[in-house]
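**Student:** What follows is protein23.pdb, PDB, C-alpha atoms and all ligand atoms.
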```pdb
ATOM      1  CA  MET A1313      93.549  87.144  98.261
ATOM      2  CA  SER A1314      90.528  88.128 100.274
ATOM      3  CA  THR A1315      91.102  90.786 102.895
ATOM      4  CA  GLU A1316      88.227  89.322 104.942
ATOM      5  CA  THR A1317      90.148  86.088 105.461
ATOM      6  CA  GLN A1318      93.219  88.090 106.399
ATOM      7  CA  THR A1319      91.452  90.320 108.902
ATOM      8  CA  ALA A1320      89.465  87.386 110.296
ATOM      9  CA  PHE A1321      92.710  85.487 110.985
ATOM     10  CA  ARG A1322      94.323  88.621 112.408
ATOM     11  CA  ASP A1323      91.336  89.236 114.690
ATOM     12  CA  ALA A1324      91.457  85.628 115.872
ATOM     13  CA  LEU A1325      95.196  85.885 116.629
ATOM     14  CA  VAL A1326      94.544  89.062 118.612
ATOM     15  CA  ALA A1327      91.523  87.526 120.388
ATOM     16  CA  HIS A1328      93.693  84.582 121.462
ATOM     17  CA  GLY A1329      96.300  87.025 122.738
ATOM     18  CA  LEU A1330      98.985  85.761 120.341
ATOM     19  CA  LEU A1331      99.424  89.097 118.552
ATOM     20  CA  ILE A1332      99.180  92.419 120.353
ATOM     21  CA  PRO A1333      97.915  95.194 118.045
ATOM     22  CA  MET A1334      99.848  98.470 118.132
ATOM     23  CA  GLY A1335      97.549 100.566 115.960
ATOM     24  CA  VAL A1336      99.641 100.313 112.788
ATOM     25  CA  ASP A1337      99.082  97.632 110.151
ATOM     26  CA  GLY A1338     102.017  95.231 110.194
ATOM     27  CA  LEU A1339     103.298  96.218 113.647
ATOM     28  CA  TYR A1340     102.565  93.763 116.466
ATOM     29  CA  GLY A1341     103.666  92.688 119.865
ATOM     30  CA  ARG A1342     103.691  88.948 120.543
ATOM     31  CA  SER A1343     102.659  86.866 123.543
ATOM     32  CA  GLY A1344     104.799  84.407 125.477
ATOM     33  CA  VAL A1345     103.090  81.513 123.705
ATOM     34  CA  PHE A1346     103.912  82.996 120.293
ATOM     35  CA  GLU A1347     107.505  83.632 121.335
ATOM     36  CA  ASP A1348     107.900  80.104 122.663
ATOM     37  CA  VAL A1349     106.944  78.756 119.224
ATOM     38  CA  VAL A1350     109.433  81.111 117.545
ATOM     39  CA  GLU A1351     112.199  80.085 119.967
ATOM     40  CA  ARG A1352     111.550  76.372 119.477
ATOM     41  CA  PHE A1353     111.528  76.818 115.707
ATOM     42  CA  ASP A1354     114.779  78.788 115.945
ATOM     43  CA  ALA A1355     116.334  75.843 117.840
ATOM     44  CA  LEU A1356     115.018  73.440 115.188
ATOM     45  CA  ILE A1357     116.749  75.443 112.441
ATOM     46  CA  THR A1358     120.007  75.258 114.412
ATOM     47  CA  GLN A1359     119.593  71.484 114.661
ATOM     48  CA  TRP A1360     119.053  71.078 110.902
ATOM     49  CA  GLY A1361     122.011  73.341 110.137
ATOM     50  CA  LYS A1362     124.521  72.074 112.679
ATOM     51  CA  ASP A1363     126.621  69.979 110.264
ATOM     52  CA  ASP A1364     127.405  73.068 108.156
ATOM     53  CA  GLY A1365     129.606  74.520 110.895
ATOM     54  CA  ALA A1366     128.204  78.012 110.382
ATOM     55  CA  GLU A1367     129.799  80.965 112.121
ATOM     56  CA  VAL A1368     127.222  82.705 114.292
ATOM     57  CA  MET A1369     126.924  86.505 113.931
ATOM     58  CA  ARG A1370     124.235  88.590 115.595
ATOM     59  CA  PHE A1371     123.768  92.197 114.489
ATOM     60  CA  PRO A1372     121.406  94.884 115.754
ATOM     61  CA  PRO A1373     118.427  95.445 113.424
ATOM     62  CA  ALA A1374     120.244  98.266 111.627
ATOM     63  CA  LEU A1375     122.985  98.830 109.099
ATOM     64  CA  ASN A1376     125.743 101.347 108.590
ATOM     65  CA  ARG A1377     124.110 103.808 106.148
ATOM     66  CA  ARG A1378     127.249 103.775 103.949
ATOM     67  CA  HIS A1379     127.004  99.984 103.667
ATOM     68  CA  PHE A1380     123.306 100.273 102.884
ATOM     69  CA  GLU A1381     123.973 102.856 100.150
ATOM     70  CA  LYS A1382     126.647 100.638  98.620
ATOM     71  CA  SER A1383     124.377  97.567  98.695
ATOM     72  CA  GLU A1384     122.232  99.001  95.837
ATOM     73  CA  TYR A1385     119.083  98.239  97.826
ATOM     74  CA  LEU A1386     117.702 101.630  96.749
ATOM     75  CA  ASN A1387     118.058 100.649  93.078
ATOM     76  CA  SER A1388     115.761  97.670  93.560
ATOM     77  CA  PHE A1389     113.500  98.316  96.563
ATOM     78  CA  PRO A1390     113.279 102.062  97.366
ATOM     79  CA  GLN A1391     109.637 101.513  98.395
ATOM     80  CA  LEU A1392     110.578  99.120 101.210
ATOM     81  CA  ALA A1393     113.519 100.908 102.808
ATOM     82  CA  GLY A1394     113.385 102.529 106.224
ATOM     83  CA  THR A1395     115.947 105.040 107.451
ATOM     84  CA  ILE A1396     116.478 106.376 110.963
ATOM     85  CA  HIS A1397     116.252 110.150 111.414
ATOM     86  CA  SER A1398     116.953 112.195 114.509
ATOM     87  CA  PHE A1399     116.895 115.757 115.779
ATOM     88  CA  GLU A1400     120.210 117.605 115.618
ATOM     89  CA  GLY A1401     119.082 121.224 115.941
ATOM     90  CA  ASN A1402     119.596 123.917 118.534
ATOM     91  CA  GLU A1403     117.166 125.178 121.183
ATOM     92  CA  ARG A1404     115.374 127.450 118.740
ATOM     93  CA  ASP A1405     114.870 124.530 116.351
ATOM     94  CA  HIS A1406     113.554 122.554 119.296
ATOM     95  CA  GLN A1407     110.940 125.234 119.955
ATOM     96  CA  THR A1408     109.943 125.132 116.268
ATOM     97  CA  LEU A1409     109.615 121.345 116.447
ATOM     98  CA  LEU A1410     107.392 121.543 119.533
ATOM     99  CA  GLN A1411     105.276 124.277 117.961
ATOM    100  CA  LYS A1412     104.711 122.161 114.837
ATOM    101  CA  LEU A1413     103.845 119.167 117.003
ATOM    102  CA  HIS A1414     101.421 121.269 119.012
ATOM    103  CA  ASP A1415      99.803 122.685 115.847
ATOM    104  CA  GLY A1416      99.436 119.251 114.306
ATOM    105  CA  GLU A1417     101.868 120.184 111.522
ATOM    106  CA  ASP A1418     104.545 117.937 110.077
ATOM    107  CA  TRP A1419     107.430 118.090 112.585
ATOM    108  CA  THR A1420     109.527 115.315 110.978
ATOM    109  CA  GLY A1421     111.238 117.792 108.650
ATOM    110  CA  MET A1422     113.064 118.994 111.778
ATOM    111  CA  GLN A1423     114.926 115.690 111.813
ATOM    112  CA  ARG A1424     118.002 114.720 109.837
ATOM    113  CA  PRO A1425     119.102 111.283 108.599
ATOM    114  CA  THR A1426     121.456 109.470 110.961
ATOM    115  CA  ASP A1427     124.237 107.065 109.954
ATOM    116  CA  VAL A1428     121.858 104.190 110.642
ATOM    117  CA  VAL A1429     119.351 102.435 108.360
ATOM    118  CA  LEU A1430     116.943  99.651 109.303
ATOM    119  CA  THR A1431     118.020  96.185 108.158
ATOM    120  CA  PRO A1432     115.921  94.990 105.198
ATOM    121  CA  ALA A1433     117.202  91.369 105.226
ATOM    122  CA  ALA A1434     119.285  89.607 107.862
ATOM    123  CA  CYS A1435     122.176  88.835 105.504
ATOM    124  CA  TYR A1436     122.984  92.462 104.559
ATOM    125  CA  PRO A1437     125.581  93.126 107.288
ATOM    126  CA  VAL A1438     127.361  89.858 106.478
ATOM    127  CA  TYR A1439     128.857  90.853 103.105
ATOM    128  CA  PRO A1440     130.845  93.926 104.228
ATOM    129  CA  THR A1441     131.936  91.996 107.326
ATOM    130  CA  ILE A1442     133.294  89.067 105.295
ATOM    131  CA  ALA A1443     134.799  91.402 102.697
ATOM    132  CA  ALA A1444     136.755  93.203 105.429
ATOM    133  CA  ARG A1445     138.474  89.910 106.335
ATOM    134  CA  GLY A1446     140.138  89.600 102.927
ATOM    135  CA  VAL A1447     140.300  86.544 100.663
ATOM    136  CA  LEU A1448     137.994  83.626 101.544
ATOM    137  CA  PRO A1449     139.429  80.407 102.911
ATOM    138  CA  GLU A1450     139.409  77.388 100.546
ATOM    139  CA  ARG A1451     136.149  76.055 101.979
ATOM    140  CA  GLY A1452     134.443  79.469 101.724
ATOM    141  CA  ARG A1453     132.224  80.586 104.579
ATOM    142  CA  VAL A1454     128.846  79.787 106.085
ATOM    143  CA  VAL A1455     127.332  82.416 108.364
ATOM    144  CA  ASP A1456     124.329  82.130 110.668
ATOM    145  CA  VAL A1457     122.424  85.400 111.203
ATOM    146  CA  TYR A1458     119.178  86.321 112.914
ATOM    147  CA  SER A1459     117.714  89.791 112.806
ATOM    148  CA  THR A1460     114.585  91.832 113.024
ATOM    149  CA  CYS A1461     114.042  93.284 109.545
ATOM    150  CA  PHE A1462     112.065  96.301 108.408
ATOM    151  CA  ARG A1463     110.114  96.584 105.174
ATOM    152  CA  HIS A1464     107.646  99.354 104.528
ATOM    153  CA  GLU A1465     104.751  97.224 103.360
ATOM    154  CA  PRO A1466     101.816  97.915 105.702
ATOM    155  CA  SER A1467      99.120  95.295 105.208
ATOM    156  CA  LEU A1468      95.993  93.884 106.782
ATOM    157  CA  ASP A1469      97.539  90.447 106.286
ATOM    158  CA  PRO A1470      99.065  89.436 109.639
ATOM    159  CA  ALA A1471     101.657  87.445 107.651
ATOM    160  CA  ARG A1472     102.935  90.650 106.074
ATOM    161  CA  MET A1473     104.547  92.650 108.834
ATOM    162  CA  GLN A1474     106.639  95.804 108.720
ATOM    163  CA  LEU A1475     109.017  94.512 111.387
ATOM    164  CA  PHE A1476     109.593  90.776 111.472
ATOM    165  CA  ARG A1477     112.382  88.334 112.250
ATOM    166  CA  MET A1478     114.472  86.516 109.714
ATOM    167  CA  ARG A1479     116.921  83.730 110.500
ATOM    168  CA  GLU A1480     119.365  83.031 107.684
ATOM    169  CA  TYR A1481     122.265  80.838 106.688
ATOM    170  CA  VAL A1482     124.490  82.636 104.206
ATOM    171  CA  ARG A1483     126.938  80.785 101.963
ATOM    172  CA  ILE A1484     129.879  82.594 100.401
ATOM    173  CA  GLY A1485     132.282  80.754  98.122
ATOM    174  CA  THR A1486     132.772  79.309  94.652
ATOM    175  CA  PRO A1487     129.738  78.857  92.359
ATOM    176  CA  ASN A1488     129.854  75.100  93.091
ATOM    177  CA  GLN A1489     129.962  75.532  96.854
ATOM    178  CA  VAL A1490     127.103  78.013  96.741
ATOM    179  CA  MET A1491     124.908  75.987  94.372
ATOM    180  CA  SER A1492     125.303  72.803  96.369
ATOM    181  CA  PHE A1493     124.472  74.714  99.578
ATOM    182  CA  ARG A1494     121.243  75.977  98.040
ATOM    183  CA  ARG A1495     120.338  72.568  96.618
ATOM    184  CA  SER A1496     120.884  70.980 100.005
ATOM    185  CA  TRP A1497     118.781  73.599 101.824
ATOM    186  CA  LEU A1498     115.929  73.310  99.328
ATOM    187  CA  GLU A1499     115.740  69.658 100.361
ATOM    188  CA  ARG A1500     116.385  70.218 104.072
ATOM    189  CA  GLY A1501     113.949  73.131 104.292
ATOM    190  CA  LYS A1502     111.190  71.007 102.814
ATOM    191  CA  LEU A1503     111.843  68.062 105.154
ATOM    192  CA  LEU A1504     112.136  70.378 108.148
ATOM    193  CA  MET A1505     108.763  71.990 107.437
ATOM    194  CA  GLU A1506     107.094  68.670 106.626
ATOM    195  CA  SER A1507     108.215  67.417 110.043
ATOM    196  CA  LEU A1508     105.934  70.155 111.451
ATOM    197  CA  GLY A1509     102.852  68.698 109.768
ATOM    198  CA  VAL A1510     102.056  71.679 107.533
ATOM    199  CA  PRO A1511     101.306  71.504 103.784
ATOM    200  CA  VAL A1512     104.297  72.792 101.819
ATOM    201  CA  ALA A1513     105.031  73.576  98.191
ATOM    202  CA  ILE A1514     108.238  74.882  96.653
ATOM    203  CA  ASP A1515     108.002  77.282  93.752
ATOM    204  CA  LEU A1516     110.072  79.625  91.645
ATOM    205  CA  ALA A1517     109.738  83.223  92.841
ATOM    206  CA  ASN A1518     110.909  86.778  92.334
ATOM    207  CA  ASP A1519     111.548  89.786  94.544
ATOM    208  CA  PRO A1520     109.229  92.843  94.382
ATOM    209  CA  PHE A1521     111.644  94.986  92.310
ATOM    210  CA  PHE A1522     110.452  98.587  91.945
ATOM    211  CA  GLY A1523     109.024 100.146  88.796
ATOM    212  CA  ARG A1524     109.182  99.341  85.105
ATOM    213  CA  ALA A1525     112.863  98.383  85.113
ATOM    214  CA  GLY A1526     111.992  96.219  88.105
ATOM    215  CA  ARG A1527     109.623  94.112  86.019
ATOM    216  CA  MET A1528     112.579  93.201  83.809
ATOM    217  CA  LEU A1529     114.728  92.338  86.816
ATOM    218  CA  ALA A1530     111.956  90.146  88.236
ATOM    219  CA  ALA A1531     111.537  88.342  84.903
ATOM    220  CA  ASN A1532     115.306  87.748  84.707
ATOM    221  CA  GLN A1533     115.388  86.436  88.249
ATOM    222  CA  ARG A1534     112.704  83.915  87.351
ATOM    223  CA  ASP A1535     114.238  82.926  84.016
ATOM    224  CA  GLN A1536     117.533  82.196  85.710
ATOM    225  CA  GLY A1537     115.917  80.331  88.628
ATOM    226  CA  LEU A1538     117.629  82.529  91.215
ATOM    227  CA  LYS A1539     114.887  82.526  93.855
ATOM    228  CA  PHE A1540     112.739  79.738  95.246
ATOM    229  CA  GLU A1541     110.227  79.940  98.059
ATOM    230  CA  LEU A1542     108.668  77.392 100.340
ATOM    231  CA  LEU A1543     104.993  78.239 100.483
ATOM    232  CA  ILE A1544     102.397  77.386 103.117
ATOM    233  CA  PRO A1545      98.739  78.437 102.953
ATOM    234  CA  ILE A1546      98.081  80.865 105.828
ATOM    235  CA  THR A1547      95.397  83.382 104.876
ATOM    236  CA  SER A1548      94.592  81.990 101.427
ATOM    237  CA  ALA A1549      94.526  78.510  99.917
ATOM    238  CA  GLU A1550      94.957  79.868  96.361
ATOM    239  CA  LYS A1551      97.851  82.143  97.217
ATOM    240  CA  PRO A1552      99.998  80.454  99.864
ATOM    241  CA  THR A1553     102.547  82.507 101.834
ATOM    242  CA  ALA A1554     106.328  82.388 101.377
ATOM    243  CA  CYS A1555     107.731  81.155 104.687
ATOM    244  CA  LEU A1556     111.257  80.199 103.590
ATOM    245  CA  SER A1557     113.325  81.672 100.757
ATOM    246  CA  PHE A1558     116.272  80.191  98.889
ATOM    247  CA  ASN A1559     118.230  82.890  97.090
ATOM    248  CA  TYR A1560     121.184  82.663  94.730
ATOM    249  CA  HIS A1561     122.746  86.097  94.158
ATOM    250  CA  GLN A1562     125.407  84.874  91.695
ATOM    251  CA  ASP A1563     128.358  87.312  92.015
ATOM    252  CA  HIS A1564     126.160  90.353  92.861
ATOM    253  CA  PHE A1565     127.464  90.812  96.428
ATOM    254  CA  GLY A1566     130.914  89.446  95.559
ATOM    255  CA  LEU A1567     131.267  92.201  92.985
ATOM    256  CA  LEU A1568     129.811  94.980  95.182
ATOM    257  CA  TRP A1569     132.103  94.156  98.094
ATOM    258  CA  ASP A1570     134.991  92.661  96.123
ATOM    259  CA  ILE A1571     134.867  89.336  97.945
ATOM    260  CA  ARG A1572     137.392  86.907  96.423
ATOM    261  CA  THR A1573     137.683  83.131  96.635
ATOM    262  CA  ALA A1574     140.999  81.460  97.442
ATOM    263  CA  ASP A1575     141.607  81.270  93.648
ATOM    264  CA  GLY A1576     141.122  85.011  93.269
ATOM    265  CA  GLU A1577     137.757  84.661  91.522
ATOM    266  CA  LEU A1578     134.754  86.760  92.502
ATOM    267  CA  ALA A1579     132.805  85.018  95.240
ATOM    268  CA  HIS A1580     129.253  83.865  94.660
ATOM    269  CA  THR A1581     126.678  83.985  97.459
ATOM    270  CA  ALA A1582     123.396  82.359  98.409
ATOM    271  CA  CYS A1583     121.187  82.439 101.455
ATOM    272  CA  VAL A1584     118.322  80.500 102.944
ATOM    273  CA  GLY A1585     115.951  82.706 104.943
ATOM    274  CA  PHE A1586     113.336  81.622 107.469
ATOM    275  CA  GLY A1587     110.441  84.014 108.179
ATOM    276  CA  MET A1588     110.004  83.343 111.899
ATOM    277  CA  GLU A1589     106.611  85.029 112.391
ATOM    278  CA  ARG A1590     105.268  83.475 109.199
ATOM    279  CA  VAL A1591     106.241  79.978 110.279
ATOM    280  CA  ALA A1592     104.634  80.535 113.684
ATOM    281  CA  LEU A1593     101.477  81.846 111.980
ATOM    282  CA  ALA A1594     101.421  78.820 109.660
ATOM    283  CA  LEU A1595     101.582  76.524 112.696
ATOM    284  CA  PHE A1596      98.738  78.389 114.437
ATOM    285  CA  ARG A1597      96.725  78.292 111.218
ATOM    286  CA  HIS A1598      97.085  74.546 110.690
ATOM    287  CA  HIS A1599      97.260  73.197 114.253
ATOM    288  CA  GLY A1600      95.134  75.676 116.195
ATOM    289  CA  PHE A1601      95.703  78.644 118.493
ATOM    290  CA  ASP A1602      96.867  76.634 121.504
ATOM    291  CA  PRO A1603     100.137  74.691 121.101
ATOM    292  CA  ALA A1604      99.047  72.422 123.986
ATOM    293  CA  ASP A1605      96.448  71.010 121.560
ATOM    294  CA  TRP A1606      98.825  70.526 118.626
ATOM    295  CA  PRO A1607      99.381  66.992 117.272
ATOM    296  CA  GLN A1608     101.745  65.019 119.492
ATOM    297  CA  ALA A1609     104.162  64.428 116.605
ATOM    298  CA  VAL A1610     104.502  68.168 115.995
ATOM    299  CA  ARG A1611     104.906  68.912 119.706
ATOM    300  CA  ALA A1612     107.629  66.274 119.881
ATOM    301  CA  VAL A1613     109.579  67.904 117.042
ATOM    302  CA  LEU A1614     109.425  71.342 118.649
ATOM    303  CA  TRP A1615     109.470  70.637 122.378
ATOM    304  CA  GLY A1616     111.107  67.176 122.305
TER     305      GLY A1616
HETATM  306  P1  LIG A1701     112.882  87.569 101.255
HETATM  307  O1  LIG A1701     114.191  88.259 101.478
HETATM  308  O2  LIG A1701     111.822  88.501 100.718
HETATM  309  O3  LIG A1701     112.988  86.304 100.479
HETATM  310  O4  LIG A1701     112.364  87.218 102.716
HETATM  311  C1  LIG A1701     112.856  86.123 103.454
HETATM  312  C2  LIG A1701     111.750  85.561 104.295
HETATM  313  O5  LIG A1701     111.306  86.566 105.215
HETATM  314  C3  LIG A1701     110.511  85.198 103.493
HETATM  315  O6  LIG A1701     110.571  83.858 103.024
HETATM  316  C4  LIG A1701     109.406  85.361 104.510
HETATM  317  O7  LIG A1701     109.242  84.183 105.250
HETATM  318  C5  LIG A1701     109.913  86.456 105.414
HETATM  319  N1  LIG A1701     109.277  87.744 105.101
HETATM  320  C6  LIG A1701     109.499  88.545 104.037
HETATM  321  N2  LIG A1701     108.739  89.647 104.079
HETATM  322  C7  LIG A1701     107.979  89.542 105.208
HETATM  323  C8  LIG A1701     106.979  90.369 105.833
HETATM  324  N3  LIG A1701     106.600  91.542 105.306
HETATM  325  N4  LIG A1701     106.429  89.939 106.981
HETATM  326  C9  LIG A1701     106.803  88.770 107.537
HETATM  327  N5  LIG A1701     107.740  87.957 106.995
HETATM  328  C10 LIG A1701     108.321  88.324 105.850
HETATM  329 ZN    ZN A1702     119.699  86.823 102.533
END
```
Since I need it in another form, could you write the structure as structure tokens?
**Tutor:**
Amino acid sequence: MSTETQTAFRDALVAHGLLIPMGVDGLYGRSGVFEDVVERFDALITQWGKDDGAEVMRFPPALNRRHFEKSEYLNSFPQLAGTIHSFEGNERDHQTLLQKLHDGEDWTGMQRPTDVVLTPAACYPVYPTIAARGVLPERGRVVDVYSTCFRHEPSLDPARMQLFRMREYVRIGTPNQVMSFRRSWLERGKLLMESLGVPVAIDLANDPFFGRAGRMLAANQRDQGLKFELLIPITSAEKPTACLSFNYHQDHFGLLWDIRTADGELAHTACVGFGMERVALALFRHHGFDPADWPQAVRAVLWG
């Protein structure tokens, strides 16, 4: 993927006031116009999901560190995780911190980890929450979450942010319930995005598992068809960007959190995730920087 195309698109987004640079790659403010697109797309997702009767849960963009540790995220993606540290010292330590800051030395060693970790994917707080309720009802559960997520992957590509928003529907239940949920969302996700007049393709995918062992995990994930992505060209025609993800975790989270179905079996889980900034960027890429000039059919879908 050419970095020139990425920076050219990023510069254009900034020039049109849609993204507000903050001096760190992958960290941006957004304009009212950008946010309006995100909000309308959020409402569109709700519309396409309304028959599932999902339970809405909104969490802050952080997890209980104990829950994070138990999630095994560090086994797979240590390179992406972000933890929150804070100062807990006395007045003398404070003076040391200020001295280091003044001398341009590393002052962050004066901080200690808190009980709070940044959320890497919107569905993470759902599993311990559902587990705490005990055995699943017969019909399983569908949960609707929306969170800012952090991943330490600084990039010149405006579609690869360090803090971005992810809306998700999470299905927890029997293998059949979970598989049919994912099948249905693969179809719905495609139709939903096609209604926005952007070119879409669905493809098998894998997560960026860390290290040599990670290559094995990624190959397994592909072989078993556990992850699909809906791709839209944003900064490259050859390498389109994943804007929606369809994940089947099998009994991974069921086992970690001991979530049981009504029959006492380990629960399976799946989620469909919508990358809100990426979808907005795809719309700006294909329809132009001013939504007032977008095709009438697309405007009708979003703004009715
Ligand atoms: P994943 O859990 O990696 O499948 O991510 C779910 C969705 O979040 C993806 O389909 C993307 O649309 C979006 N996403 C993932 N990583 C980023 C990122 N670094 N910047 C913006 N959006 C992202
Ligand atoms: Zn998820």
**Student:** Ranking A:Phe1601, A:Phe1389, A:Phe1399, A:Trp1569 by minimum distance to Phe1522 in chain A and counting only C-alpha atoms, which one comes first?
**Tutor:** A:Phe1389
**Student:** Please evaluate the PyMOL selection byres (((chain A and resi 1497) around 12) and not hetatm) against the structure above and give the resulting residues as a PyMOL selection string.
**Tutor:** chain A and resi 1357+1360-1361+1364+1480-1483+1490-1496+1498-1505+1514+1540-1542+1556-1560+1582-1586
**Student:** What is the distance between CA of Glu1450 in chain A and CA of Glu1384 in chain A, in Å to one decimal?
**Tutor:**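 For CA of Glu1450 in chain A relative to CA of Glu1384 in chain A, the distance reads 28.0 Å.
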**Student:** Specify as a ChimeraX atom specification each residue included when the PyMOL selection byres (((not hetatm)) within 8 of (chain A and resi 1701)) is applied to this file.
**Tutor:** /A:1338,1432-1433,1462-1466,1470-1478,1519,1539,1541-1542,1553-1559,1584-1591
**Student:** Evaluate the PyMOL selection byres (((chain A and resi 1440-1442) around 9) and not hetatm) and record the selected residues as a list in words, following the chain and residue labels used in the document.
**Tutor:**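 Going through the file, the PyMOL selection byres (((chain A and resi 1440-1442) around 9) and not hetatm) ends up selecting His1379, Tyr1436, Pro1437, Val1438, Tyr1439, Ala1443, Ala1444, Arg1445, Gly1446, Val1447, Leu1448, Arg1453, Ile1484, Trp1569 and Ile1571 of chain A.
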**Student:** Determine, counting all atoms listed in the file, which protein, DNA and RNA residues have an atom within 6 Å of an atom of Gly1485 in chain A; residues of the same chain fewer than 2 positions away are not included. Present the result as a PyMOL selection string.
**Tutor:** chain A and resi 1452+1489+1579-1580
**Student:** Nearest residue to Val1350 in chain A out of A:His1328, A:Leu1529, A:Lys1551, A:Phe1596, using only C-alpha atoms?
**Tutor:**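 When distances to Val1350 in chain A are compared using only C-alpha atoms, the smallest one comes from A:Phe1596.
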**Student:** Hey, which of A:Ser1398, A:Ala1609, A:Ser1507, A:Leu1593 ends up closest to Arg1342 in chain A? Count all atoms listed in the file.
**Tutor:**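 Comparing A:Ser1398, A:Ala1609, A:Ser1507, A:Leu1593 against Arg1342 in chain A, the winner is A:Leu1593.
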**Student:** So what do you get for CA of Glu1347 in chain A versus CA of Pro1552 in chain A, distance-wise?
**Tutor:**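 Spanning CA of Glu1347 in chain A to CA of Pro1552 in chain A is a straight-line distance of 23.0 Å.
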**Student:** Mind checking which residues fall within 8 Å of Ile1332 in chain A, counting only C-alpha atoms, ignoring those fewer than 2 positions away in the same chain, and posting them as a ChimeraX atom specification?
**Tutor:** /A:1326,1329-1330,1334,1340-1343
**Student:** Rank nothing, just name the residue among A:Ser1467, A:Arg1534, A:Gly1523, A:Asp1456 nearest to ligand ZN 1702 (chain A), using all atoms listed in the file.
**Tutor:**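 With all atoms listed in the file as the atom set, the closest residue is A:Asp1456.
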**Student:** For CA of Ala1434 in chain A and CA of Asp1515 in chain A, quote the distance in Å rounded to one decimal.
**Tutor:** 21.9 Å
**Student:** Missing atoms in range 1432-1443 of chain A need filling: write out N, CA and C atoms for it as a tab-separated table (two decimals), in the frame of the given file.
**Tutor:**
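part02.tsv written:
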```tsv
chain	number	residue	atom	x	y	z
A	1432	PRO	N	117.02	95.52	106.02
A	1432	PRO	CA	115.92	94.99	105.20
A	1432	PRO	C	115.93	93.46	105.09
A	1433	ALA	N	117.10	92.84	105.24
A	1433	ALA	CA	117.20	91.37	105.23
A	1433	ALA	C	118.41	91.01	106.08
A	1434	ALA	N	118.29	89.92	106.83
A	1434	ALA	CA	119.28	89.61	107.86
A	1434	ALA	C	120.70	89.47	107.32
A	1435	CYS	N	120.83	89.11	106.02
A	1435	CYS	CA	122.18	88.84	105.50
A	1435	CYS	C	122.95	90.10	105.11
A	1436	TYR	N	122.29	91.27	105.06
A	1436	TYR	CA	122.98	92.46	104.56
A	1436	TYR	C	124.27	92.83	105.30
A	1437	PRO	N	124.32	92.77	106.63
A	1437	PRO	CA	125.58	93.13	107.29
A	1437	PRO	C	126.70	92.10	107.10
A	1438	VAL	N	126.35	90.92	106.59
A	1438	VAL	CA	127.36	89.86	106.48
A	1438	VAL	C	128.40	90.17	105.39
A	1439	TYR	N	127.95	90.69	104.25
A	1439	TYR	CA	128.86	90.85	103.10
A	1439	TYR	C	130.00	91.83	103.39
A	1440	PRO	N	129.71	93.05	103.91
A	1440	PRO	CA	130.84	93.93	104.23
A	1440	PRO	C	131.74	93.35	105.33
A	1441	THR	N	131.14	92.59	106.24
A	1441	THR	CA	131.94	92.00	107.33
A	1441	THR	C	132.92	90.97	106.77
A	1442	ILE	N	132.43	90.11	105.88
A	1442	ILE	CA	133.29	89.07	105.30
A	1442	ILE	C	134.31	89.70	104.35
A	1443	ALA	N	133.88	90.73	103.62
A	1443	ALA	CA	134.80	91.40	102.70
A	1443	ALA	C	135.98	92.00	103.46
```
